[in-house]
$ cat target.cif   # mmCIF, C-alpha atoms
data_start
#
loop_
_atom_site.label_atom_id
_atom_site.label_comp_id
_atom_site.auth_asym_id
_atom_site.auth_seq_id
_atom_site.Cartn_x
_atom_site.Cartn_y
_atom_site.Cartn_z
CA MET A 20 -7.24 -40.73 2.88
CA GLN A 21 -7.33 -37.07 1.97
CA GLN A 22 -7.64 -34.80 4.96
CA ASN A 23 -10.27 -32.04 4.90
CA SER A 24 -8.84 -30.13 7.81
CA CYS A 25 -6.75 -27.01 7.32
CA LEU A 26 -4.20 -28.60 9.62
CA SER A 27 -2.58 -30.35 6.65
CA PHE A 28 -1.79 -27.09 4.80
CA PRO A 29 1.26 -25.03 5.87
CA PRO A 30 -0.17 -21.61 4.83
CA CYS A 31 -2.84 -21.75 7.57
CA SER A 32 -2.09 -19.56 10.55
CA LEU A 33 -1.50 -21.09 13.98
CA ARG A 34 -4.55 -19.28 15.30
CA LEU A 35 -6.76 -20.71 12.56
CA GLN A 36 -5.40 -24.20 13.25
CA ARG A 37 -6.25 -23.90 16.93
CA VAL A 38 -9.77 -22.72 16.18
CA LEU A 39 -10.38 -25.59 13.77
CA VAL A 40 -9.00 -28.12 16.23
CA PHE A 41 -11.37 -26.75 18.87
CA CYS A 42 -14.29 -26.96 16.44
CA LEU A 43 -13.47 -30.55 15.51
CA LEU A 44 -13.24 -31.54 19.17
CA LEU A 45 -16.55 -29.80 19.85
CA ARG A 46 -18.23 -31.73 17.05
CA SER A 47 -16.79 -35.07 18.12
CA CYS A 48 -17.84 -34.54 21.75
CA SER A 49 -21.29 -33.06 21.38
CA GLY A 50 -22.41 -33.99 17.86
CA GLN A 51 -23.85 -30.49 17.45
CA HIS A 52 -23.76 -28.40 14.30
CA ILE A 53 -21.48 -25.39 14.16
CA ILE A 54 -21.37 -22.43 11.79
CA ILE A 55 -18.07 -21.48 10.20
CA GLY A 56 -17.63 -17.81 9.32
CA SER A 57 -14.47 -15.76 8.77
CA LEU A 58 -11.68 -15.29 11.29
CA GLN A 59 -10.32 -12.28 9.42
CA PRO A 60 -12.24 -9.06 8.70
CA ILE A 61 -13.76 -8.74 5.24
CA VAL A 62 -12.17 -5.62 3.71
CA ALA A 63 -14.09 -3.83 0.97
CA ARG A 64 -13.95 -0.56 -0.92
CA VAL A 65 -16.95 1.68 -1.37
CA GLY A 66 -19.00 0.35 -4.31
CA ASP A 67 -17.66 -3.22 -4.14
CA ASP A 68 -19.75 -6.38 -4.07
CA ILE A 69 -18.59 -8.69 -1.28
CA MET A 70 -19.47 -12.08 0.22
CA LEU A 71 -19.77 -12.69 3.95
CA PRO A 72 -18.92 -16.40 4.43
CA CYS A 73 -21.15 -18.61 6.57
CA HIS A 74 -21.66 -22.37 6.24
CA LEU A 75 -22.90 -25.13 8.49
CA GLU A 76 -20.73 -28.07 9.62
CA PRO A 77 -21.59 -30.85 9.19
CA ALA A 78 -23.43 -29.68 6.09
CA ILE A 79 -27.18 -30.21 5.92
CA ASP A 80 -29.98 -28.72 3.84
CA VAL A 81 -31.08 -25.46 5.51
CA ALA A 82 -33.44 -24.21 2.78
CA ALA A 83 -36.52 -24.96 4.90
CA ARG A 84 -35.10 -23.45 8.07
CA THR A 85 -35.16 -19.87 9.38
CA LEU A 86 -31.89 -18.10 8.60
CA GLU A 87 -30.95 -14.65 9.87
CA TRP A 88 -28.20 -12.17 9.10
CA THR A 89 -28.16 -9.30 11.61
CA ARG A 90 -26.17 -6.25 12.71
CA PRO A 91 -26.65 -5.72 16.47
CA ASP A 92 -25.70 -2.02 16.30
CA LEU A 93 -28.71 -1.10 14.12
CA ASN A 94 -32.18 -0.18 15.39
CA ASN A 95 -33.63 -2.74 13.00
CA ILE A 96 -30.97 -5.40 13.33
CA PHE A 97 -32.03 -7.57 10.40
CA VAL A 98 -29.89 -7.42 7.28
CA TYR A 99 -31.47 -10.50 5.67
CA VAL A 100 -34.12 -12.98 6.82
CA TRP A 101 -34.94 -16.31 5.11
CA ARG A 102 -38.04 -18.17 6.26
CA SER A 103 -40.30 -20.81 4.70
CA ASP A 104 -38.16 -21.09 1.56
CA GLN A 105 -38.27 -17.35 0.80
CA GLU A 106 -36.79 -14.00 1.77
CA LEU A 107 -38.74 -11.72 4.12
CA VAL A 108 -38.00 -8.48 2.31
CA LYS A 109 -40.01 -6.24 4.66
CA ALA A 110 -38.11 -7.51 7.71
CA LYS A 111 -34.72 -6.10 6.71
CA HIS A 112 -33.27 -2.70 7.50
CA PRO A 113 -34.20 -0.16 4.76
CA SER A 114 -30.59 0.64 3.95
CA TYR A 115 -30.07 -2.98 2.79
CA THR A 116 -33.09 -3.15 0.50
CA GLY A 117 -32.07 -4.68 -2.82
CA ARG A 118 -28.44 -5.11 -1.67
CA THR A 119 -28.38 -8.41 0.24
CA SER A 120 -29.03 -11.91 -1.03
CA LEU A 121 -28.21 -15.57 -0.39
CA PHE A 122 -26.88 -18.17 -2.81
CA THR A 123 -30.16 -20.10 -2.70
CA ASP A 124 -28.80 -23.02 -4.72
CA GLU A 125 -26.18 -23.55 -2.03
CA LEU A 126 -28.60 -23.70 0.91
CA LYS A 127 -28.98 -27.46 0.43
CA HIS A 128 -25.25 -27.74 1.14
CA GLY A 129 -25.46 -25.68 4.35
CA ASN A 130 -23.98 -22.59 2.67
CA MET A 131 -25.64 -19.42 4.03
CA SER A 132 -23.06 -16.92 2.80
CA LEU A 133 -24.44 -13.43 2.28
CA LYS A 134 -23.79 -11.32 -0.81
CA LEU A 135 -23.67 -7.58 -0.07
CA SER A 136 -23.77 -5.36 -3.17
CA GLY A 137 -22.77 -1.73 -3.62
CA VAL A 138 -20.90 -1.43 -0.34
CA LYS A 139 -21.29 1.86 1.56
CA LEU A 140 -19.24 3.37 4.36
CA SER A 141 -22.22 2.81 6.65
CA ASP A 142 -21.98 -0.96 6.03
CA LYS A 143 -18.95 -1.29 8.28
CA GLY A 144 -19.61 -3.28 11.42
CA THR A 145 -20.15 -6.73 12.90
CA TYR A 146 -22.53 -9.13 11.17
CA LYS A 147 -24.03 -12.25 12.73
CA CYS A 148 -25.10 -15.34 10.81
CA PHE A 149 -27.69 -17.25 12.89
CA ILE A 150 -29.92 -20.36 12.70
CA PRO A 151 -32.42 -20.02 15.58
CA ASP A 152 -33.60 -23.64 15.82
CA LEU A 153 -30.02 -24.91 15.94
CA SER A 154 -28.78 -22.11 18.24
CA ALA A 155 -25.79 -21.86 15.93
CA GLN A 156 -24.16 -18.60 14.90
CA SER A 157 -20.96 -17.02 13.61
CA ILE A 158 -19.58 -13.48 13.47
CA VAL A 159 -18.12 -11.67 10.46
CA GLU A 160 -16.45 -8.27 10.71
CA VAL A 161 -16.71 -5.91 7.71
CA VAL A 162 -14.24 -3.06 7.19
CA VAL A 163 -15.09 -0.52 4.49
CA ALA A 164 -12.45 1.69 2.92
CA SER A 165 -13.00 4.85 0.89
CA ASP A 166 -11.49 5.58 -2.52
CA ALA A 167 -12.51 9.24 -2.25
CA ALA A 168 -9.18 10.49 -0.90
CA ALA A 169 -8.32 13.93 -2.28
CA PRO A 170 -4.86 14.82 -3.64
CA ILE A 171 -2.23 15.62 -1.04
CA VAL A 172 -1.34 19.28 -0.58
CA ILE A 173 2.11 20.32 0.70
CA SER A 174 2.69 23.92 1.80
CA LEU A 175 5.30 25.98 3.61
CA SER A 176 4.16 26.47 7.19
CA GLY A 177 7.03 28.60 8.52
CA VAL A 178 10.51 28.44 9.98
CA ASP A 179 11.69 26.69 13.13
CA GLU A 180 14.43 28.95 14.52
CA SER A 181 15.41 26.46 17.22
CA SER A 182 16.70 24.12 14.51
CA SER A 183 17.20 26.62 11.67
CA GLY A 184 14.86 24.51 9.59
CA VAL A 185 11.91 25.01 7.29
CA VAL A 186 8.51 23.70 8.45
CA LEU A 187 6.46 21.90 5.80
CA GLN A 188 2.82 20.91 6.16
CA CYS A 189 1.03 18.05 4.39
CA GLU A 190 -2.76 17.61 4.29
CA SER A 191 -5.16 15.15 2.65
CA GLU A 192 -8.87 14.45 3.10
CA GLY A 193 -11.47 11.82 2.23
CA TRP A 194 -9.84 8.76 3.88
CA TYR A 195 -11.37 5.75 5.59
CA PRO A 196 -10.19 4.00 7.68
CA GLU A 197 -7.74 6.43 9.29
CA PRO A 198 -4.49 6.46 7.26
CA GLU A 199 -0.83 6.81 8.17
CA VAL A 200 1.30 9.84 7.14
CA LEU A 201 5.01 9.54 6.33
CA TRP A 202 7.64 12.16 5.37
CA MET A 203 10.72 11.21 3.35
CA ASP A 204 13.81 13.08 2.20
CA SER A 205 15.32 13.08 -1.29
CA GLU A 206 16.97 9.68 -0.65
CA GLY A 207 13.78 8.02 0.57
CA ASN A 208 14.72 8.07 4.25
CA VAL A 209 11.76 8.46 6.63
CA LEU A 210 11.93 11.74 8.52
CA SER A 211 10.91 12.28 12.11
CA ALA A 212 7.73 14.36 12.09
CA GLY A 213 5.32 15.64 14.69
CA PRO A 214 2.12 13.78 15.60
CA THR A 215 -0.45 13.50 12.83
CA GLU A 216 -3.55 15.63 13.35
CA THR A 217 -6.75 13.78 12.49
CA VAL A 218 -10.26 15.17 12.01
CA ARG A 219 -13.26 12.92 11.36
CA GLY A 220 -16.05 14.60 9.41
CA PRO A 221 -19.82 14.01 9.55
CA ASP A 222 -19.46 11.68 6.55
CA ASP A 223 -17.09 9.47 8.63
CA LEU A 224 -14.17 10.34 6.33
CA TYR A 225 -10.84 11.39 7.84
CA THR A 226 -8.78 14.51 7.10
CA VAL A 227 -5.15 14.17 8.15
CA SER A 228 -2.38 16.75 8.37
CA SER A 229 1.24 16.49 9.42
CA ARG A 230 4.19 18.86 9.87
CA VAL A 231 7.88 18.20 9.55
CA THR A 232 10.96 20.40 10.03
CA VAL A 233 13.65 20.03 7.35
CA ASP A 234 17.00 21.70 6.70
CA LYS A 235 19.63 21.74 3.99
CA ARG A 236 21.24 18.48 5.11
CA HIS A 237 18.03 16.66 4.15
CA GLY A 238 18.34 17.85 0.57
CA ASN A 239 15.89 19.90 -1.46
CA ARG A 240 13.23 17.35 -2.44
CA PHE A 241 10.73 16.07 0.12
CA THR A 242 7.86 13.61 -0.13
CA CYS A 243 4.66 13.32 1.88
CA ARG A 244 3.04 9.90 1.65
CA VAL A 245 -0.42 9.04 2.98
CA GLN A 246 -1.14 5.32 3.07
CA GLN A 247 -3.89 2.97 4.21
CA ASN A 248 -2.31 -0.43 4.74
CA ILE A 249 -5.58 -2.32 5.19
CA ILE A 250 -6.60 -1.68 1.59
CA ASN A 251 -3.07 -1.11 0.25
CA GLN A 252 -3.95 2.41 -0.89
CA THR A 253 -1.18 5.01 -1.15
CA ARG A 254 -0.98 8.61 -2.31
CA GLU A 255 2.06 10.84 -2.27
CA THR A 256 3.28 14.18 -3.53
CA HIS A 257 6.59 16.03 -3.60
CA ILE A 258 7.92 19.51 -2.94
CA HIS A 259 11.21 21.13 -3.93
CA VAL A 260 12.72 23.69 -1.54
CA PRO A 261 15.36 25.86 -3.32
CA ASP A 262 18.71 26.60 -1.69
CA GLU A 263 17.88 30.31 -1.77
CA PHE A 264 15.01 29.75 0.61
CA PHE A 265 17.27 28.27 3.27
CA ASN A 266 19.57 31.30 2.85
CA VAL A 267 16.89 33.90 3.61
CA GLN A 268 15.71 32.44 6.86
CA PHE A 269 17.28 35.41 8.69
CA TRP A 270 14.30 37.51 7.73
CA PHE A 271 12.12 35.21 9.78
CA SER A 272 14.36 35.28 12.88
CA PRO A 273 12.99 36.32 16.30
CA LEU A 274 15.05 39.53 16.12
CA THR A 275 13.56 40.67 12.82
CA VAL A 276 10.10 39.58 13.86
CA GLY A 277 10.53 41.49 17.13
CA LEU A 278 11.71 44.59 15.31
CA ALA A 279 8.80 44.39 12.91
CA VAL A 280 6.34 44.05 15.78
CA SER A 281 7.97 46.95 17.67
CA LEU A 282 7.89 49.13 14.56
CA GLY A 283 4.25 48.27 14.00
CA VAL A 284 3.36 49.14 17.60
CA CYS A 285 5.29 52.42 17.32
CA ILE A 286 3.49 53.40 14.12
CA LEU A 287 0.13 52.55 15.63
CA SER A 288 0.96 54.61 18.74
CA ILE A 289 1.90 57.62 16.60
CA LEU A 290 -1.28 57.33 14.56
CA LEU A 291 -3.36 57.00 17.72
CA PHE A 292 -1.68 60.08 19.28
CA ALA A 293 -2.23 62.09 16.10
CA LEU A 294 -5.88 61.03 16.05
CA ILE A 295 -6.41 62.08 19.66
CA LEU A 296 -4.64 65.43 19.03
CA CYS A 297 -6.76 66.02 15.93
CA GLN A 298 -9.93 65.27 17.88
CA ARG A 299 -8.91 67.72 20.61
CA LYS A 300 -8.21 70.42 18.05
CA ASN A 301 -11.55 69.86 16.40
CA LYS A 302 -13.28 70.08 19.77
CA ARG A 303 -11.48 73.38 20.61
CA LEU A 304 -12.38 74.76 17.20
CA ASP A 305 -16.01 73.89 17.77
CA GLN A 306 -15.87 75.72 21.11
CA LEU A 307 -14.33 78.82 19.51
CA LEU A 308 -16.95 78.82 16.78
CA ALA A 309 -19.70 78.59 19.39
CA GLU A 310 -18.17 81.48 21.39
CA ASN A 311 -17.80 83.55 18.21
CA LYS A 312 -21.48 82.95 17.40
CA LYS A 313 -22.46 84.14 20.87
CA LEU A 314 -20.30 87.26 20.52
CA THR A 315 -21.84 88.02 17.15
CA GLU A 316 -25.32 87.68 18.57
CA GLU A 317 -24.37 89.94 21.52
CA LYS A 318 -22.91 92.49 19.13
CA GLN A 319 -26.13 92.54 17.11
CA ARG A 320 -28.19 92.96 20.30
CA CYS A 321 -26.01 95.90 21.46
CA GLU A 322 -26.29 97.51 18.05
CA THR A 323 -30.08 97.21 18.18
CA GLU A 324 -30.16 98.83 21.64
CA ARG A 325 -27.83 101.60 20.49
CA GLN A 326 -30.11 102.40 17.56
CA GLN A 327 -33.14 102.52 19.87
CA LEU A 328 -31.33 104.87 22.26
CA GLN A 329 -30.28 107.03 19.33
CA LYS A 330 -33.90 107.38 18.27
CA GLU A 331 -35.01 108.24 21.78
CA LEU A 332 -32.26 110.88 22.02
CA GLU A 333 -33.33 112.50 18.74
CA LYS A 334 -36.94 112.65 19.97
CA GLY A 335 -35.77 114.28 23.22
CA ASN A 336 -33.79 116.96 21.32
CA LYS A 337 -36.80 117.84 19.21
CA ARG A 338 -38.96 118.41 22.28
CA PHE A 339 -36.32 120.61 23.90
CA PHE A 340 -35.98 122.76 20.80
CA PHE A 341 -39.73 123.19 20.59
CA PHE A 342 -39.93 124.60 24.14
#

$ encode --input "target.cif" --output "structure tokens"
Amino acid sequence: MQQNSCLSFPPCSLRLQRVLVFCLLLRSCSGQHIIIGSLQPIVARVGDDIMLPCHLEPAIDVAARTLEWTRPDLNNIFVYVWRSDQELVKAKHPSYTGRTSLFTDELKHGNMSLKLSGVKLSDKGTYKCFIPDLSAQSIVEVVVASDAAAPIVISLSGVDESSSGVVLQCESEGWYPEPEVLWMDSEGNVLSAGPTETVRGPDDLYTVSSRVTVDKRHGNRFTCRVQQNIINQTRETHIHVPDEFFNVQFWFSPLTVGLAVSLGVCILSILLFALILCQRKNKRLDQLLAENKKLTEEKQRCETERQQLQKELEKGNKRFFFF
């Protein structure tokens, strides 16, 4: 007799075998129906059409029953509702309108698998397949990955004087889920880099950046690889660091940087002193001009008084001559 259990097939995982054994024991002991879903997450890319598996064991016709697909994390938890041999379109969450459906021809075989079309990043989460009158349910996890990752950019970040090495920086954006960043030398050996910096944007996409310190013993050609193992997506780019660059690192040493800073401070101090001196001279000049204006006004006043006295004196002489 041909066995229907997964236990007869070597590729099945030990965990799956244990779950199926438990399910078979449960059925034999209680005679109740159970719903079989998916033990592994359903991985999809943005824009894909996917199927969320869900079928009843032992199989019976469920077309006349109430069937529910829900997401507990949503305000309106219903993703799809089937009742009285038809879909209740108005019951579902607006974001799933026109994107979820059942294989209605399969309902008579206990197959309640859900088709989700045009997958979005917001579709990630835990879905529950449920038959209320049987109190049977199963859980399916959906992981959504983005294909919107931008090209990787490698740039020179600086020089690490403690190791006499050149610091390279790698950055890429538009990833989901969070990816892994690797640095490799010219021979493909993975280099030891600092911790990856990760920023998650309002669109739920990740931007990652990583720095690594390299020197001449690593060669001249370096690779930054960003990879998402869940969806087997990889991007990488290369950079060539000429020998001449390693030879001019002296100009970036602490001594030269210190001298440059000291020279800059000295120049700024001289300019500041000259500015203060110039302001003082301008202030003194303004004072002298004000004093000169006062003296000029005083001179004019004295001249006016002298002229008046001269006129009075001439009048006095005329009177004296007359007498």

$ closest_residue --input "target.cif" --among "A:His259, A:Arg219, A:Lys330, A:His52" --to "Lys235 (chain A)" --atoms "only C-alpha atoms"
A:His259

$ residues_around --input "target.cif" --residues "Asp152 (chain A)" --least-positions-apart "3" --cutoff "10 Å" --atoms "all atoms listed in the file" --output "ChimeraX atom specification"
/A:84-86,149,155

$ resolve_selection --input "target.cif" --expression "the PyMOL selection byres ((chain A and resi 110) around 10)" --output "list in words"
Asn95, Ile96, Phe97, Val98, Tyr99, Val100, Trp101, Glu106, Leu107, Val108, Lys109, Lys111, His112, Pro113 and Thr116 of chain A

$ atom_distance --input "target.cif" --atom1 "CA of Val65 (chain A)" --atom2 "CA of Ala164 (chain A)"
6.2 Å

$ resolve_selection --input "target.cif" --expression "the PyMOL selection byres ((chain A and resi 69-77) around 8)" --output "JSON, numbers by chain"
{"A": [52, 53, 54, 55, 56, 57, 61, 63, 67, 68, 78, 79, 129, 130, 131, 132, 133, 134, 135, 136, 138, 148, 157, 159]}

$ residues_around --input "target.cif" --residues "Ala83 (chain A)" --least-positions-apart "5" --cutoff "10 Å" --atoms "only C-alpha atoms" --output "list in words"
Trp101, Arg102, Ser103, Asp104, Gln105, Leu126 and Lys127 of chain A

$ atom_distance --input "target.cif" --atom1 "CA of Tyr225 (chain A)" --atom2 "CA of Asp92 (chain A)"
21.7 Å

$ residues_around --input "target.cif" --residues "region 245-251 of chain A" --least-positions-apart "5" --cutoff "9 Å" --atoms "only C-alpha atoms" --output "number ranges by chain"
A: 62-64, 162, 164, 171, 190-191, 194-202, 227

$ resolve_selection --input "target.cif" --expression "the PyMOL selection byres ((chain A and resi 208) around 12)" --output "PyMOL selection string"
chain A and resi 201-207+209-211+237-238+240-243

$ atom_distance --input "target.cif" --atom1 "CA of Pro91 (chain A)" --atom2 "CA of Thr119 (chain A)"
16.5 Å

$ closest_residue --input "target.cif" --among "A:Gln326, A:Gln156, A:Ser165, A:Asn311" --to "Gln252 (chain A)" --atoms "only C-alpha atoms"
A:Ser165

$ residues_around --input "target.cif" --residues "region 141-145 of chain A" --least-positions-apart "4" --cutoff "7 Å" --atoms "only C-alpha atoms" --output "number ranges by chain"
A: 90, 158-163

$ axis_aligned_box --input "target.cif" --around "region 157-164 of chain A" --padding-each-side "8 Å" --output "AutoDock Vina command-line options"
--center_x -16.7 --center_y -7.7 --center_z 8.3 --size_x 24.5 --size_y 34.7 --size_z 26.7

$ closest_residue --input "target.cif" --among "A:Glu310, A:Glu125, A:Glu192, A:Glu317" --to "Ala169 (chain A)" --atoms "only C-alpha atoms"
A:Glu192

$ closest_residue --input "target.cif" --among "A:Leu93, A:Ala167, A:Val178, A:Leu121" --to "Thr226 (chain A)" --atoms "only C-alpha atoms"
A:Ala167

$ build_atoms --input "target.cif" --residues "region 285-310 of chain A" --atoms "N, CA and C atoms" --output "PDB file, in the frame of the given file"
ATOM      1  N   CYS A 285       4.901  51.012  17.308  1.00  0.00           N
ATOM      2  CA  CYS A 285       5.290  52.420  17.320  1.00  0.00           C
ATOM      3  C   CYS A 285       4.450  53.237  16.341  1.00  0.00           C
ATOM      4  N   ILE A 286       4.288  52.691  15.133  1.00  0.00           N
ATOM      5  CA  ILE A 286       3.490  53.400  14.120  1.00  0.00           C
ATOM      6  C   ILE A 286       2.046  53.539  14.576  1.00  0.00           C
ATOM      7  N   LEU A 287       1.495  52.483  15.141  1.00  0.00           N
ATOM      8  CA  LEU A 287       0.130  52.550  15.630  1.00  0.00           C
ATOM      9  C   LEU A 287      -0.018  53.563  16.756  1.00  0.00           C
ATOM     10  N   SER A 288       1.000  53.646  17.639  1.00  0.00           N
ATOM     11  CA  SER A 288       0.960  54.610  18.740  1.00  0.00           C
ATOM     12  C   SER A 288       0.979  56.043  18.204  1.00  0.00           C
ATOM     13  N   ILE A 289       1.827  56.276  17.187  1.00  0.00           N
ATOM     14  CA  ILE A 289       1.900  57.620  16.600  1.00  0.00           C
ATOM     15  C   ILE A 289       0.573  57.993  15.952  1.00  0.00           C
ATOM     16  N   LEU A 290       0.005  57.066  15.214  1.00  0.00           N
ATOM     17  CA  LEU A 290      -1.280  57.330  14.560  1.00  0.00           C
ATOM     18  C   LEU A 290      -2.384  57.586  15.586  1.00  0.00           C
ATOM     19  N   LEU A 291      -2.355  56.814  16.680  1.00  0.00           N
ATOM     20  CA  LEU A 291      -3.360  57.000  17.720  1.00  0.00           C
ATOM     21  C   LEU A 291      -3.202  58.362  18.389  1.00  0.00           C
ATOM     22  N   PHE A 292      -1.939  58.772  18.658  1.00  0.00           N
ATOM     23  CA  PHE A 292      -1.680  60.080  19.280  1.00  0.00           C
ATOM     24  C   PHE A 292      -2.137  61.208  18.352  1.00  0.00           C
ATOM     25  N   ALA A 293      -1.824  61.059  17.054  1.00  0.00           N
ATOM     26  CA  ALA A 293      -2.230  62.090  16.100  1.00  0.00           C
ATOM     27  C   ALA A 293      -3.759  62.168  16.012  1.00  0.00           C
ATOM     28  N   LEU A 294      -4.421  61.033  16.097  1.00  0.00           N
ATOM     29  CA  LEU A 294      -5.880  61.030  16.050  1.00  0.00           C
ATOM     30  C   LEU A 294      -6.471  61.721  17.261  1.00  0.00           C
ATOM     31  N   ILE A 295      -5.913  61.427  18.438  1.00  0.00           N
ATOM     32  CA  ILE A 295      -6.410  62.080  19.660  1.00  0.00           C
ATOM     33  C   ILE A 295      -6.184  63.581  19.599  1.00  0.00           C
ATOM     34  N   LEU A 296      -4.962  64.000  19.139  1.00  0.00           N
ATOM     35  CA  LEU A 296      -4.640  65.430  19.030  1.00  0.00           C
ATOM     36  C   LEU A 296      -5.582  66.120  18.053  1.00  0.00           C
ATOM     37  N   CYS A 297      -5.859  65.457  16.939  1.00  0.00           N
ATOM     38  CA  CYS A 297      -6.760  66.020  15.930  1.00  0.00           C
ATOM     39  C   CYS A 297      -8.169  66.179  16.512  1.00  0.00           C
ATOM     40  N   GLN A 298      -8.606  65.186  17.281  1.00  0.00           N
ATOM     41  CA  GLN A 298      -9.930  65.270  17.880  1.00  0.00           C
ATOM     42  C   GLN A 298     -10.010  66.417  18.886  1.00  0.00           C
ATOM     43  N   ARG A 299      -8.932  66.601  19.654  1.00  0.00           N
ATOM     44  CA  ARG A 299      -8.910  67.720  20.610  1.00  0.00           C
ATOM     45  C   ARG A 299      -8.951  69.073  19.899  1.00  0.00           C
ATOM     46  N   LYS A 300      -8.205  69.171  18.801  1.00  0.00           N
ATOM     47  CA  LYS A 300      -8.210  70.420  18.050  1.00  0.00           C
ATOM     48  C   LYS A 300      -9.589  70.691  17.457  1.00  0.00           C
ATOM     49  N   ASN A 301     -10.207  69.682  16.954  1.00  0.00           N
ATOM     50  CA  ASN A 301     -11.550  69.860  16.400  1.00  0.00           C
ATOM     51  C   ASN A 301     -12.541  70.282  17.477  1.00  0.00           C
ATOM     52  N   LYS A 302     -12.401  69.713  18.669  1.00  0.00           N
ATOM     53  CA  LYS A 302     -13.280  70.080  19.770  1.00  0.00           C
ATOM     54  C   LYS A 302     -13.064  71.536  20.178  1.00  0.00           C
ATOM     55  N   ARG A 303     -11.782  71.978  20.252  1.00  0.00           N
ATOM     56  CA  ARG A 303     -11.480  73.380  20.610  1.00  0.00           C
ATOM     57  C   ARG A 303     -12.003  74.338  19.548  1.00  0.00           C
ATOM     58  N   LEU A 304     -11.875  73.939  18.285  1.00  0.00           N
ATOM     59  CA  LEU A 304     -12.380  74.760  17.200  1.00  0.00           C
ATOM     60  C   LEU A 304     -13.890  74.914  17.292  1.00  0.00           C
ATOM     61  N   ASP A 305     -14.560  73.815  17.608  1.00  0.00           N
ATOM     62  CA  ASP A 305     -16.010  73.890  17.770  1.00  0.00           C
ATOM     63  C   ASP A 305     -16.387  74.839  18.904  1.00  0.00           C
ATOM     64  N   GLN A 306     -15.601  74.808  19.998  1.00  0.00           N
ATOM     65  CA  GLN A 306     -15.870  75.720  21.110  1.00  0.00           C
ATOM     66  C   GLN A 306     -15.676  77.171  20.698  1.00  0.00           C
ATOM     67  N   LEU A 307     -14.603  77.454  19.957  1.00  0.00           N
ATOM     68  CA  LEU A 307     -14.330  78.820  19.510  1.00  0.00           C
ATOM     69  C   LEU A 307     -15.436  79.311  18.567  1.00  0.00           C
ATOM     70  N   LEU A 308     -15.879  78.434  17.696  1.00  0.00           N
ATOM     71  CA  LEU A 308     -16.950  78.820  16.780  1.00  0.00           C
ATOM     72  C   LEU A 308     -18.232  79.130  17.549  1.00  0.00           C
ATOM     73  N   ALA A 309     -18.502  78.337  18.582  1.00  0.00           N
ATOM     74  CA  ALA A 309     -19.700  78.590  19.390  1.00  0.00           C
ATOM     75  C   ALA A 309     -19.587  79.923  20.123  1.00  0.00           C
ATOM     76  N   GLU A 310     -18.374  80.202  20.688  1.00  0.00           N
ATOM     77  CA  GLU A 310     -18.170  81.480  21.390  1.00  0.00           C
ATOM     78  C   GLU A 310     -18.278  82.656  20.423  1.00  0.00           C
TER      79      GLU A 310
END
